[in-house]
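Structure file run-v7.cif with mmCIF, C-alpha atoms:
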data_data
#
loop_
_atom_site.group_PDB
_atom_site.id
_atom_site.type_symbol
_atom_site.label_atom_id
_atom_site.label_comp_id
_atom_site.auth_asym_id
_atom_site.auth_seq_id
_atom_site.Cartn_x
_atom_site.Cartn_y
_atom_site.Cartn_z
ATOM 1 C CA MET A 1 0.000 0.000 0.000
ATOM 2 C CA LYS A 2 1.306 3.453 -0.973
ATOM 3 C CA SER A 3 1.759 5.581 2.079
ATOM 4 C CA LEU A 4 2.477 9.189 2.891
ATOM 5 C CA ALA A 5 5.684 7.945 4.504
ATOM 6 C CA GLU A 6 6.979 7.122 1.045
ATOM 7 C CA LEU A 7 6.252 10.687 0.055
ATOM 8 C CA ALA A 8 8.327 11.879 3.000
ATOM 9 C CA ALA A 9 11.185 9.741 1.709
ATOM 10 C CA ILE A 10 10.849 11.402 -1.688
ATOM 11 C CA ARG A 11 11.076 14.759 0.078
ATOM 12 C CA GLU A 12 14.343 13.804 1.771
ATOM 13 C CA LYS A 13 15.786 12.637 -1.524
ATOM 14 C CA MET A 14 14.639 15.716 -3.418
ATOM 15 C CA GLN A 15 15.838 18.298 -0.943
ATOM 16 C CA SER A 16 19.435 17.383 -1.631
ATOM 17 C CA LYS A 17 18.834 17.763 -5.358
ATOM 18 C CA VAL A 18 17.023 21.094 -5.370
ATOM 19 C CA VAL A 19 20.200 23.072 -4.835
ATOM 20 C CA ILE A 20 21.948 21.536 -7.830
ATOM 21 C CA ARG A 21 18.988 22.107 -10.103
ATOM 22 C CA GLU A 22 18.818 25.856 -9.632
ATOM 23 C CA GLY A 23 20.598 27.961 -12.198
ATOM 24 C CA MET A 24 21.022 25.174 -14.681
ATOM 25 C CA GLY A 25 20.101 25.754 -18.304
ATOM 26 C CA THR A 26 17.077 23.577 -18.937
ATOM 27 C CA THR A 27 15.231 22.403 -22.002
ATOM 28 C CA ARG A 28 11.489 22.933 -21.954
ATOM 29 C CA VAL A 29 9.060 20.631 -23.703
ATOM 30 C CA VAL A 30 5.681 22.364 -23.950
ATOM 31 C CA VAL A 31 2.608 20.325 -24.828
ATOM 32 C CA GLY A 32 -0.570 22.055 -26.051
ATOM 33 C CA MET A 33 -3.357 20.868 -23.749
ATOM 34 C CA ALA A 34 -6.435 22.857 -24.769
ATOM 35 C CA THR A 35 -9.629 21.240 -26.091
ATOM 36 C CA CYS A 36 -8.095 20.889 -29.565
ATOM 37 C CA GLY A 37 -4.940 19.195 -28.271
ATOM 38 C CA ILE A 38 -6.733 16.901 -25.845
ATOM 39 C CA ALA A 39 -9.265 15.799 -28.471
ATOM 40 C CA ALA A 40 -6.451 15.057 -30.930
ATOM 41 C CA GLY A 41 -4.545 12.881 -28.427
ATOM 42 C CA ALA A 42 -2.267 15.198 -26.450
ATOM 43 C CA ARG A 43 -2.697 13.299 -23.186
ATOM 44 C CA PRO A 44 -0.830 10.129 -24.267
ATOM 45 C CA VAL A 45 1.788 12.362 -25.935
ATOM 46 C CA LEU A 46 2.372 14.256 -22.698
ATOM 47 C CA ASN A 47 2.577 10.968 -20.784
ATOM 48 C CA ALA A 48 5.086 9.588 -23.300
ATOM 49 C CA PHE A 49 7.335 12.637 -22.850
ATOM 50 C CA VAL A 50 7.139 12.417 -19.065
ATOM 51 C CA ASP A 51 7.850 8.671 -19.069
ATOM 52 C CA GLY A 52 10.626 9.015 -21.649
ATOM 53 C CA VAL A 53 12.366 11.829 -19.781
ATOM 54 C CA ASN A 54 12.097 9.814 -16.594
ATOM 55 C CA ALA A 55 13.325 6.559 -18.134
ATOM 56 C CA ASN A 56 16.336 8.258 -19.748
ATOM 57 C CA GLY A 57 17.303 10.070 -16.554
ATOM 58 C CA LEU A 58 16.846 13.471 -18.180
ATOM 59 C CA ASN A 59 14.845 14.876 -15.242
ATOM 60 C CA ASP A 60 17.483 17.420 -14.318
ATOM 61 C CA LYS A 61 17.855 18.695 -17.841
ATOM 62 C CA VAL A 62 14.376 18.621 -19.328
ATOM 63 C CA ALA A 63 11.138 20.081 -17.985
ATOM 64 C CA VAL A 64 7.891 18.835 -19.511
ATOM 65 C CA THR A 65 5.135 21.438 -19.167
ATOM 66 C CA GLN A 66 1.633 22.164 -20.459
ATOM 67 C CA THR A 67 0.125 25.125 -22.190
ATOM 68 C CA GLY A 68 -3.197 26.089 -23.739
ATOM 69 C CA CYS A 69 -4.059 26.418 -27.402
ATOM 70 C CA ILE A 70 -0.973 27.211 -29.476
ATOM 71 C CA GLY A 71 -3.172 28.439 -32.326
ATOM 72 C CA ILE A 72 -2.602 25.763 -34.952
ATOM 73 C CA CYS A 73 -5.364 23.343 -33.970
ATOM 74 C CA GLN A 74 -5.268 21.480 -37.288
ATOM 75 C CA TYR A 75 -1.754 20.268 -36.428
ATOM 76 C CA GLU A 76 -2.532 18.996 -32.928
ATOM 77 C CA PRO A 77 -1.084 17.314 -30.940
ATOM 78 C CA VAL A 78 1.528 20.077 -31.070
ATOM 79 C CA VAL A 79 4.672 20.162 -28.937
ATOM 80 C CA GLU A 80 7.248 22.922 -28.757
ATOM 81 C CA VAL A 81 10.828 22.318 -27.623
ATOM 82 C CA TYR A 82 12.759 25.274 -26.226
ATOM 83 C CA GLU A 83 16.487 24.875 -25.738
ATOM 84 C CA GLU A 84 18.750 27.565 -24.440
ATOM 85 C CA GLY A 85 20.553 29.357 -27.234
ATOM 86 C CA LYS A 86 18.688 27.490 -29.959
ATOM 87 C CA GLU A 87 15.675 28.200 -32.107
ATOM 88 C CA LYS A 88 12.331 26.787 -30.961
ATOM 89 C CA VAL A 89 11.359 23.493 -32.593
ATOM 90 C CA THR A 90 7.652 22.864 -33.245
ATOM 91 C CA TYR A 91 6.592 19.243 -33.636
ATOM 92 C CA VAL A 92 3.141 18.514 -35.052
ATOM 93 C CA LYS A 93 0.658 15.638 -35.385
ATOM 94 C CA LEU A 94 2.403 13.643 -32.681
ATOM 95 C CA ASP A 95 1.473 10.400 -31.008
ATOM 96 C CA ALA A 96 3.059 8.471 -28.155
ATOM 97 C CA ALA A 97 5.473 6.557 -30.431
ATOM 98 C CA LYS A 98 6.709 9.721 -32.153
ATOM 99 C CA ALA A 99 7.095 11.374 -28.741
ATOM 100 C CA ALA A 100 9.274 8.490 -27.561
ATOM 101 C CA GLU A 101 11.405 8.880 -30.688
ATOM 102 C CA ILE A 102 11.821 12.616 -30.040
ATOM 103 C CA VAL A 103 12.940 11.912 -26.467
ATOM 104 C CA GLU A 104 15.520 9.448 -27.757
ATOM 105 C CA LYS A 105 16.863 11.408 -30.737
ATOM 106 C CA HIS A 106 16.326 15.050 -29.838
ATOM 107 C CA LEU A 107 16.252 15.399 -26.049
ATOM 108 C CA LYS A 108 18.852 12.710 -25.453
ATOM 109 C CA GLY A 109 20.788 12.729 -28.719
ATOM 110 C CA GLY A 110 20.562 16.400 -29.626
ATOM 111 C CA GLN A 111 19.285 15.735 -33.158
ATOM 112 C CA VAL A 112 16.017 17.390 -34.201
ATOM 113 C CA VAL A 113 13.626 14.847 -35.745
ATOM 114 C CA GLU A 114 13.006 16.895 -38.872
ATOM 115 C CA GLU A 115 10.266 14.725 -40.328
ATOM 116 C CA TYR A 116 7.871 15.509 -37.462
ATOM 117 C CA THR A 117 8.452 19.269 -37.442
ATOM 118 C CA ILE A 118 5.920 21.741 -38.739
ATOM 119 C CA GLY A 119 8.357 22.717 -41.483
ATOM 120 C CA ALA A 120 8.420 19.200 -42.898
ATOM 121 C CA TYR A 121 4.686 18.717 -42.470
ATOM 122 C CA SER A 122 3.537 21.787 -44.345
ATOM 123 C CA LYS A 123 5.662 20.934 -47.418
ATOM 124 C CA MET B 1 -13.350 13.171 -27.178
ATOM 125 C CA LYS B 2 -13.482 9.441 -26.687
ATOM 126 C CA GLU B 3 -13.306 9.306 -22.907
ATOM 127 C CA LEU B 4 -15.108 11.210 -20.166
ATOM 128 C CA SER B 5 -11.765 11.624 -18.446
ATOM 129 C CA LEU B 6 -10.586 13.697 -21.427
ATOM 130 C CA ASN B 7 -13.589 16.008 -21.028
ATOM 131 C CA ILE B 8 -12.774 16.287 -17.328
ATOM 132 C CA LEU B 9 -9.157 17.191 -18.124
ATOM 133 C CA ASP B 10 -10.305 19.836 -20.567
ATOM 134 C CA VAL B 11 -13.055 21.395 -18.488
ATOM 135 C CA ALA B 12 -11.174 21.348 -15.169
ATOM 136 C CA LYS B 13 -8.505 23.462 -16.839
ATOM 137 C CA ASN B 14 -11.107 26.242 -17.045
ATOM 138 C CA SER B 15 -11.098 26.241 -13.235
ATOM 139 C CA THR B 16 -7.353 26.683 -12.956
ATOM 140 C CA ALA B 17 -7.431 29.277 -15.735
ATOM 141 C CA ALA B 18 -10.046 31.153 -13.654
ATOM 142 C CA GLY B 19 -7.418 31.496 -10.939
ATOM 143 C CA ALA B 20 -8.959 28.967 -8.545
ATOM 144 C CA SER B 21 -6.896 27.958 -5.515
ATOM 145 C CA LEU B 22 -9.186 25.008 -4.840
ATOM 146 C CA VAL B 23 -10.731 22.649 -7.387
ATOM 147 C CA LYS B 24 -12.948 19.768 -6.282
ATOM 148 C CA ILE B 25 -13.624 17.041 -8.787
ATOM 149 C CA SER B 26 -15.985 14.285 -7.832
ATOM 150 C CA LEU B 27 -17.524 11.327 -9.543
ATOM 151 C CA ASP B 28 -20.458 9.495 -8.000
ATOM 152 C CA LEU B 29 -21.840 6.317 -9.458
ATOM 153 C CA SER B 30 -25.183 5.127 -8.133
ATOM 154 C CA GLU B 31 -26.355 1.509 -7.915
ATOM 155 C CA SER B 32 -28.656 2.159 -10.862
ATOM 156 C CA GLY B 33 -25.751 3.315 -13.049
ATOM 157 C CA MET B 34 -26.267 7.072 -12.967
ATOM 158 C CA LEU B 35 -22.936 8.863 -12.920
ATOM 159 C CA THR B 36 -22.691 12.392 -11.541
ATOM 160 C CA LEU B 37 -19.622 14.451 -12.291
ATOM 161 C CA SER B 38 -19.130 17.632 -10.351
ATOM 162 C CA ILE B 39 -16.361 20.191 -10.668
ATOM 163 C CA VAL B 40 -16.452 22.997 -8.125
ATOM 164 C CA ASP B 41 -13.911 25.801 -7.949
ATOM 165 C CA ASN B 42 -13.308 29.096 -6.164
ATOM 166 C CA GLY B 43 -12.020 30.868 -9.264
ATOM 167 C CA CYS B 44 -13.121 34.248 -10.566
ATOM 168 C CA GLY B 45 -16.498 32.939 -11.722
ATOM 169 C CA MET B 46 -18.584 34.277 -14.576
ATOM 170 C CA SER B 47 -21.143 36.999 -15.051
ATOM 171 C CA GLU B 48 -24.724 35.933 -15.799
ATOM 172 C CA GLU B 49 -24.271 37.028 -19.367
ATOM 173 C CA THR B 50 -21.122 34.934 -19.809
ATOM 174 C CA LEU B 51 -22.764 31.954 -18.150
ATOM 175 C CA LEU B 52 -25.593 32.009 -20.676
ATOM 176 C CA GLY B 53 -23.130 31.703 -23.510
ATOM 177 C CA VAL B 54 -20.671 29.077 -22.299
ATOM 178 C CA THR B 55 -22.326 26.027 -23.781
ATOM 179 C CA ASP B 56 -22.603 27.739 -27.155
ATOM 180 C CA PRO B 57 -19.709 26.523 -29.314
ATOM 181 C CA PHE B 58 -19.451 29.943 -30.897
ATOM 182 C CA TYR B 59 -18.784 31.556 -27.569
ATOM 183 C CA THR B 60 -15.268 31.626 -26.133
ATOM 184 C CA THR B 61 -13.099 33.851 -23.968
ATOM 185 C CA ARG B 62 -10.227 32.981 -26.221
ATOM 186 C CA LYS B 63 -8.846 35.791 -28.314
ATOM 187 C CA THR B 64 -7.109 33.680 -30.931
ATOM 188 C CA ARG B 65 -10.203 32.119 -32.417
ATOM 189 C CA LYS B 66 -13.977 32.360 -32.373
ATOM 190 C CA VAL B 67 -14.961 28.911 -31.156
ATOM 191 C CA GLY B 68 -14.832 27.221 -27.765
ATOM 192 C CA MET B 69 -15.714 23.542 -27.799
ATOM 193 C CA GLY B 70 -14.888 22.346 -24.295
ATOM 194 C CA LEU B 71 -18.203 22.794 -22.489
ATOM 195 C CA PRO B 72 -20.388 22.130 -25.568
ATOM 196 C CA LEU B 73 -18.634 18.762 -25.987
ATOM 197 C CA LEU B 74 -19.209 17.838 -22.341
ATOM 198 C CA LYS B 75 -22.855 18.901 -22.598
ATOM 199 C CA MET B 76 -23.303 16.786 -25.689
ATOM 200 C CA ALA B 77 -21.636 13.776 -24.063
ATOM 201 C CA ALA B 78 -24.021 14.052 -21.098
ATOM 202 C CA GLU B 79 -27.176 14.681 -23.132
ATOM 203 C CA MET B 80 -26.499 11.798 -25.509
ATOM 204 C CA THR B 81 -26.936 9.422 -22.571
ATOM 205 C CA GLY B 82 -30.138 11.114 -21.391
ATOM 206 C CA GLY B 83 -28.299 13.128 -18.747
ATOM 207 C CA GLY B 84 -27.470 16.807 -18.735
ATOM 208 C CA LEU B 85 -25.174 19.630 -17.716
ATOM 209 C CA THR B 86 -25.865 22.428 -15.230
ATOM 210 C CA ILE B 87 -23.469 25.240 -14.432
ATOM 211 C CA THR B 88 -23.870 27.860 -11.738
ATOM 212 C CA SER B 89 -21.410 30.631 -11.113
ATOM 213 C CA SER B 90 -20.833 33.820 -9.205
ATOM 214 C CA ASP B 91 -18.344 36.553 -9.977
ATOM 215 C CA LYS B 92 -18.987 38.524 -6.771
ATOM 216 C CA ALA B 93 -15.761 39.391 -4.999
ATOM 217 C CA GLY B 94 -15.181 37.215 -1.936
ATOM 218 C CA GLU B 95 -17.636 34.513 -2.900
ATOM 219 C CA SER B 96 -16.785 33.867 -6.522
ATOM 220 C CA GLY B 97 -16.610 30.435 -8.064
ATOM 221 C CA THR B 98 -18.144 28.036 -10.492
ATOM 222 C CA SER B 99 -19.945 24.785 -9.969
ATOM 223 C CA LEU B 100 -20.558 22.325 -12.759
ATOM 224 C CA VAL B 101 -22.680 19.211 -12.517
ATOM 225 C CA ALA B 102 -22.980 16.743 -15.373
ATOM 226 C CA THR B 103 -25.020 13.570 -15.237
ATOM 227 C CA PHE B 104 -24.639 10.480 -17.373
ATOM 228 C CA ASP B 105 -26.646 7.301 -17.650
ATOM 229 C CA THR B 106 -23.907 4.686 -17.881
ATOM 230 C CA ASN B 107 -26.462 2.116 -19.072
ATOM 231 C CA SER B 108 -26.817 4.087 -22.290
ATOM 232 C CA ILE B 109 -24.977 2.770 -25.323
ATOM 233 C CA ASP B 110 -23.956 6.348 -26.035
ATOM 234 C CA CYS B 111 -22.217 6.771 -22.692
ATOM 235 C CA MET B 112 -18.492 7.155 -23.219
ATOM 236 C CA PRO B 113 -16.181 5.149 -20.999
ATOM 237 C CA LEU B 114 -14.509 7.050 -18.168
ATOM 238 C CA GLY B 115 -11.107 6.062 -19.547
ATOM 239 C CA ASP B 116 -7.791 6.929 -17.970
ATOM 240 C CA ILE B 117 -8.949 9.141 -15.114
ATOM 241 C CA VAL B 118 -5.683 8.628 -13.193
ATOM 242 C CA SER B 119 -3.749 10.187 -16.039
ATOM 243 C CA THR B 120 -6.194 13.102 -16.144
ATOM 244 C CA ILE B 121 -5.795 13.842 -12.429
ATOM 245 C CA CYS B 122 -1.993 13.573 -12.608
ATOM 246 C CA ILE B 123 -1.820 15.951 -15.565
ATOM 247 C CA LEU B 124 -4.119 18.464 -13.859
ATOM 248 C CA ILE B 125 -1.922 18.465 -10.761
ATOM 249 C CA ALA B 126 1.294 18.672 -12.811
ATOM 250 C CA GLY B 127 -0.138 21.568 -14.814
ATOM 251 C CA SER B 128 -1.135 23.571 -11.740
ATOM 252 C CA PRO B 129 0.948 22.246 -8.842
ATOM 253 C CA GLU B 130 0.117 25.260 -6.645
ATOM 254 C CA VAL B 131 -3.643 24.607 -6.792
ATOM 255 C CA ASP B 132 -5.364 22.409 -4.214
ATOM 256 C CA PHE B 133 -7.179 19.559 -5.884
ATOM 257 C CA VAL B 134 -9.642 17.300 -4.124
ATOM 258 C CA PHE B 135 -10.590 14.247 -6.136
ATOM 259 C CA THR B 136 -13.080 11.571 -5.197
ATOM 260 C CA ASP B 137 -14.581 8.721 -7.166
ATOM 261 C CA THR B 138 -17.375 7.053 -5.242
ATOM 262 C CA ARG B 139 -18.830 3.810 -6.548
ATOM 263 C CA PRO B 140 -21.160 1.232 -5.055
ATOM 264 C CA LYS B 141 -18.063 -0.958 -4.478
ATOM 265 C CA GLY B 142 -15.863 1.616 -2.823
ATOM 266 C CA ARG B 143 -14.155 4.954 -3.000
ATOM 267 C CA VAL B 144 -10.987 6.483 -4.418
ATOM 268 C CA ALA B 145 -9.798 9.759 -2.936
ATOM 269 C CA LEU B 146 -6.908 12.183 -3.149
ATOM 270 C CA ALA B 147 -6.384 15.632 -1.628
ATOM 271 C CA THR B 148 -3.254 17.446 -2.717
ATOM 272 C CA SER B 149 -3.236 19.587 0.437
ATOM 273 C CA GLU B 150 -2.325 16.441 2.410
ATOM 274 C CA LEU B 151 0.547 15.693 0.064
ATOM 275 C CA ARG B 152 1.789 19.255 0.292
ATOM 276 C CA GLU B 153 1.816 18.979 4.078
ATOM 277 C CA VAL B 154 4.188 16.012 3.870
ATOM 278 C CA LEU B 155 6.349 17.458 1.121
ATOM 279 C CA GLY B 156 6.687 20.883 2.698
ATOM 280 C CA GLU B 157 7.738 24.052 0.912
ATOM 281 C CA GLY B 158 10.042 23.929 -2.037
ATOM 282 C CA ILE B 159 9.052 20.588 -3.529
ATOM 283 C CA SER B 160 6.505 20.946 -6.290
ATOM 284 C CA LEU B 161 3.734 18.428 -6.904
ATOM 285 C CA ALA B 162 4.855 18.581 -10.542
ATOM 286 C CA GLU B 163 8.168 16.860 -9.732
ATOM 287 C CA LEU B 164 8.368 13.574 -11.597
ATOM 288 C CA GLU B 165 9.009 11.509 -8.467
ATOM 289 C CA VAL B 166 5.940 13.009 -6.823
ATOM 290 C CA GLN B 167 3.866 12.533 -9.976
ATOM 291 C CA GLN B 168 4.864 8.896 -10.086
ATOM 292 C CA TRP B 169 3.800 8.470 -6.475
ATOM 293 C CA ILE B 170 0.409 10.112 -7.118
ATOM 294 C CA LYS B 171 -0.165 7.887 -10.138
ATOM 295 C CA GLU B 172 0.611 4.701 -8.214
ATOM 296 C CA TYR B 173 -1.371 5.887 -5.195
ATOM 297 C CA LEU B 174 -4.505 6.336 -7.319
ATOM 298 C CA GLU B 175 -3.967 3.180 -9.384
ATOM 299 C CA GLU B 176 -3.630 1.150 -6.213
ATOM 300 C CA GLN B 177 -6.908 2.502 -4.869
ATOM 301 C CA TYR B 178 -8.661 1.700 -8.149
ATOM 302 C CA ARG B 179 -7.278 -1.835 -8.145
ATOM 303 C CA GLU B 180 -8.589 -2.288 -4.654
ATOM 304 C CA ILE B 181 -12.175 -1.292 -5.399
ATOM 305 C CA GLU B 182 -12.156 -3.310 -8.594
ATOM 306 C CA ASN B 183 -11.072 -6.428 -6.726
ATOM 307 C CA LEU B 184 -13.839 -6.184 -4.146
#
Show me the file's structure as structure tokens.
Amino acid sequence: MKSLAELAAIREKMQSKVVIREGMGTTRVVVGMATCGIAAGARPVLNAFVDGVNANGLNDKVAVTQTGCIGICQYEPVVEVYEEGKEKVTYVKLDAAKAAEIVEKHLKGGQVVEEYTIGAYSK
Amino acid sequence: MKELSLNILDVAKNSTAAGASLVKISLDLSESGMLTLSIVDNGCGMSEETLLGVTDPFYTTRKTRKVGMGLPLLKMAAEMTGGGLTITSSDKAGESGTSLVATFDTNSIDCMPLGDIVSTICILIAGSPEVDFVFTDTRPKGRVALATSELREVLGEGISLAELEVQQWIKEYLEEQYREIENL
């Protein structure tokens, strides 16, 4: 049975990490979670990013966050990746499998997955 | 939307967007199969005029576009089963808030499955870790409950409910409770 005591253990573990995390340049993965995104399948995409970041130990480097409607509903699920010092990358029409691939190649490997970007899609 | 839990995710975000510090989401399933969803918040509320328009798909507070489908989709999902949607709201300072009640007849063939409600609750908390969420799912067989204020008490200041380790705990905590009532 999950208990609040386990949560206290997480607290102890985290407190030592908080200090290190501050001031570090982080990558932000922003998932559009308005009606349009949710209806198109943004929830499993968000979960895939969270799980992928977790599984690859990228927690300290990558923050997965949510936003509202990005304004290009026809391309949902839409995800934007912001990296310090680099241009924003907009991925479109994602699903959980594509999200896992982006974690592997882009977030971990540093290579943008061109074929899923809005630039490639609108050609 | 293919799952009620997706509608809940969508509509509950209106509460956090309204600046609520407390959002209560409850599901109640009766013996006869009537499901009542209620979402109550203490956000900024709506004027009477706004309230009249919210279930109209061509009404939205959004500036980017002229349609807002969230509440109309929930209303449709409820009405298709023979249920309905009622929203009350107040924008008076000091007592503002919105209360939404949707009913569904789960015996209806048109009733969508609840789907991955655990994922919905986790994402809501991760998206607004500073908001207090109270979630309950009461069924004839048992009850699932989570109050983020209790978790915050244990975690103390400085550790966000959006942290992955905490999210993982919340997910497992809820899944375990669901497994328990399903095994009864």
Using all atoms listed in the file: which of A:Arg28, A:Asn56, A:Leu94, A:Met1 has the shortest distance to Tyr82 of chain A |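 Of A:Arg28, A:Asn56, A:Leu94, A:Met1, the one nearest Tyr82 of chain A, counting all atoms listed in the file, is A:Arg28.
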Please identify every residue of chain B that has at least one atom no more than 7 Å from any atom of chain A, counting only C-alpha atoms, and report them as a list in words.
-> Met1, Leu6, Asp10, Thr64, Met69, Gly70, Gly127, Val154, Leu155 and Tyr173 of chain B
Just-selected residues, C-alpha atoms written as a PDB file, in the coordinates of the input:
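Produced file selection15.pdb, reproduced below:
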ATOM      1  CA  MET B   1     -13.350  13.171 -27.178  1.00  0.00           C
ATOM      2  CA  LEU B   6     -10.586  13.697 -21.427  1.00  0.00           C
ATOM      3  CA  ASP B  10     -10.305  19.836 -20.567  1.00  0.00           C
ATOM      4  CA  THR B  64      -7.109  33.680 -30.931  1.00  0.00           C
ATOM      5  CA  MET B  69     -15.714  23.542 -27.799  1.00  0.00           C
ATOM      6  CA  GLY B  70     -14.888  22.346 -24.295  1.00  0.00           C
ATOM      7  CA  GLY B 127      -0.138  21.568 -14.814  1.00  0.00           C
ATOM      8  CA  VAL B 154       4.188  16.012   3.870  1.00  0.00           C
ATOM      9  CA  LEU B 155       6.349  17.458   1.121  1.00  0.00           C
ATOM     10  CA  TYR B 173      -1.371   5.887  -5.195  1.00  0.00           C
TER      11      TYR B 173
END
Counting only C-alpha atoms, the residue of B:Glu3, B:Asp137, B:Asp41, B:Glu153 that sits nearest Ala17 of chain B = B:Asp41
Care to translate the PyMOL selection byres ((chain B and resi 170) around 12) into actual residues of this file, as a PyMOL selection string?
-> (chain A and resi 2-4+6-7+10) or (chain B and resi 118-126+135+145-148+150-152+161-169+171-177)
Residue members of the PyMOL selection byres ((chain B and resi 76-89) around 10) in the file shown, as a count of residues only | 51
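From atom CA of Tyr75 of chain A back to atom CA of Lys105 of chain A, the distance works out to 21.4 Å.
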Can you complete the atoms of segment 165-180 of chain B to N, CA, C and O atoms and list them as a JSON list (two decimals), in the frame of the given file?
[["chain", "number", "residue", "atom", "x", "y", "z"],
["B", 165, "GLU", "N", 9.09, 12.53, -9.52],
["B", 165, "GLU", "CA", 9.01, 11.51, -8.47],
["B", 165, "GLU", "C", 7.67, 11.58, -7.75],
["B", 165, "GLU", "O", 7.07, 10.55, -7.41],
["B", 166, "VAL", "N", 7.21, 12.81, -7.52],
["B", 166, "VAL", "CA", 5.94, 13.01, -6.82],
["B", 166, "VAL", "C", 4.78, 12.57, -7.72],
["B", 166, "VAL", "O", 3.85, 11.90, -7.30],
["B", 167, "GLN", "N", 4.88, 12.93, -9.00],
["B", 167, "GLN", "CA", 3.87, 12.53, -9.98],
["B", 167, "GLN", "C", 3.71, 11.02, -10.03],
["B", 167, "GLN", "O", 2.61, 10.48, -10.08],
["B", 168, "GLN", "N", 4.86, 10.35, -10.04],
["B", 168, "GLN", "CA", 4.86, 8.90, -10.09],
["B", 168, "GLN", "C", 4.16, 8.31, -8.86],
["B", 168, "GLN", "O", 3.37, 7.38, -8.97],
["B", 169, "TRP", "N", 4.44, 8.92, -7.72],
["B", 169, "TRP", "CA", 3.80, 8.47, -6.48],
["B", 169, "TRP", "C", 2.28, 8.65, -6.55],
["B", 169, "TRP", "O", 1.52, 7.76, -6.20],
["B", 170, "ILE", "N", 1.85, 9.82, -7.03],
["B", 170, "ILE", "CA", 0.41, 10.11, -7.12],
["B", 170, "ILE", "C", -0.27, 9.10, -8.03],
["B", 170, "ILE", "O", -1.33, 8.55, -7.72],
["B", 171, "LYS", "N", 0.38, 8.82, -9.16],
["B", 171, "LYS", "CA", -0.16, 7.89, -10.14],
["B", 171, "LYS", "C", -0.36, 6.51, -9.50],
["B", 171, "LYS", "O", -1.44, 5.91, -9.56],
["B", 172, "GLU", "N", 0.69, 6.03, -8.83],
["B", 172, "GLU", "CA", 0.61, 4.70, -8.21],
["B", 172, "GLU", "C", -0.38, 4.67, -7.07],
["B", 172, "GLU", "O", -1.09, 3.69, -6.86],
["B", 173, "TYR", "N", -0.44, 5.77, -6.33],
["B", 173, "TYR", "CA", -1.37, 5.89, -5.20],
["B", 173, "TYR", "C", -2.82, 5.72, -5.67],
["B", 173, "TYR", "O", -3.60, 4.97, -5.10],
["B", 174, "LEU", "N", -3.15, 6.42, -6.77],
["B", 174, "LEU", "CA", -4.50, 6.34, -7.32],
["B", 174, "LEU", "C", -4.77, 4.97, -7.95],
["B", 174, "LEU", "O", -5.82, 4.36, -7.73],
["B", 175, "GLU", "N", -3.79, 4.48, -8.72],
["B", 175, "GLU", "CA", -3.97, 3.18, -9.38],
["B", 175, "GLU", "C", -4.21, 2.07, -8.37],
["B", 175, "GLU", "O", -5.03, 1.19, -8.59],
["B", 176, "GLU", "N", -3.48, 2.16, -7.25],
["B", 176, "GLU", "CA", -3.63, 1.15, -6.21],
["B", 176, "GLU", "C", -5.05, 1.17, -5.63],
["B", 176, "GLU", "O", -5.65, 0.13, -5.42],
["B", 177, "GLN", "N", -5.55, 2.39, -5.41],
["B", 177, "GLN", "CA", -6.91, 2.50, -4.87],
["B", 177, "GLN", "C", -7.94, 1.95, -5.86],
["B", 177, "GLN", "O", -8.89, 1.29, -5.46],
["B", 178, "TYR", "N", -7.73, 2.23, -7.14],
["B", 178, "TYR", "CA", -8.66, 1.70, -8.15],
["B", 178, "TYR", "C", -8.62, 0.18, -8.20],
["B", 178, "TYR", "O", -9.65, -0.47, -8.30],
["B", 179, "ARG", "N", -7.40, -0.37, -8.12],
["B", 179, "ARG", "CA", -7.28, -1.84, -8.14],
["B", 179, "ARG", "C", -8.04, -2.43, -6.97],
["B", 179, "ARG", "O", -8.71, -3.45, -7.10],
["B", 180, "GLU", "N", -7.93, -1.77, -5.84],
["B", 180, "GLU", "CA", -8.59, -2.29, -4.65],
["B", 180, "GLU", "C", -10.11, -2.33, -4.78],
["B", 180, "GLU", "O", -10.72, -3.32, -4.44]]
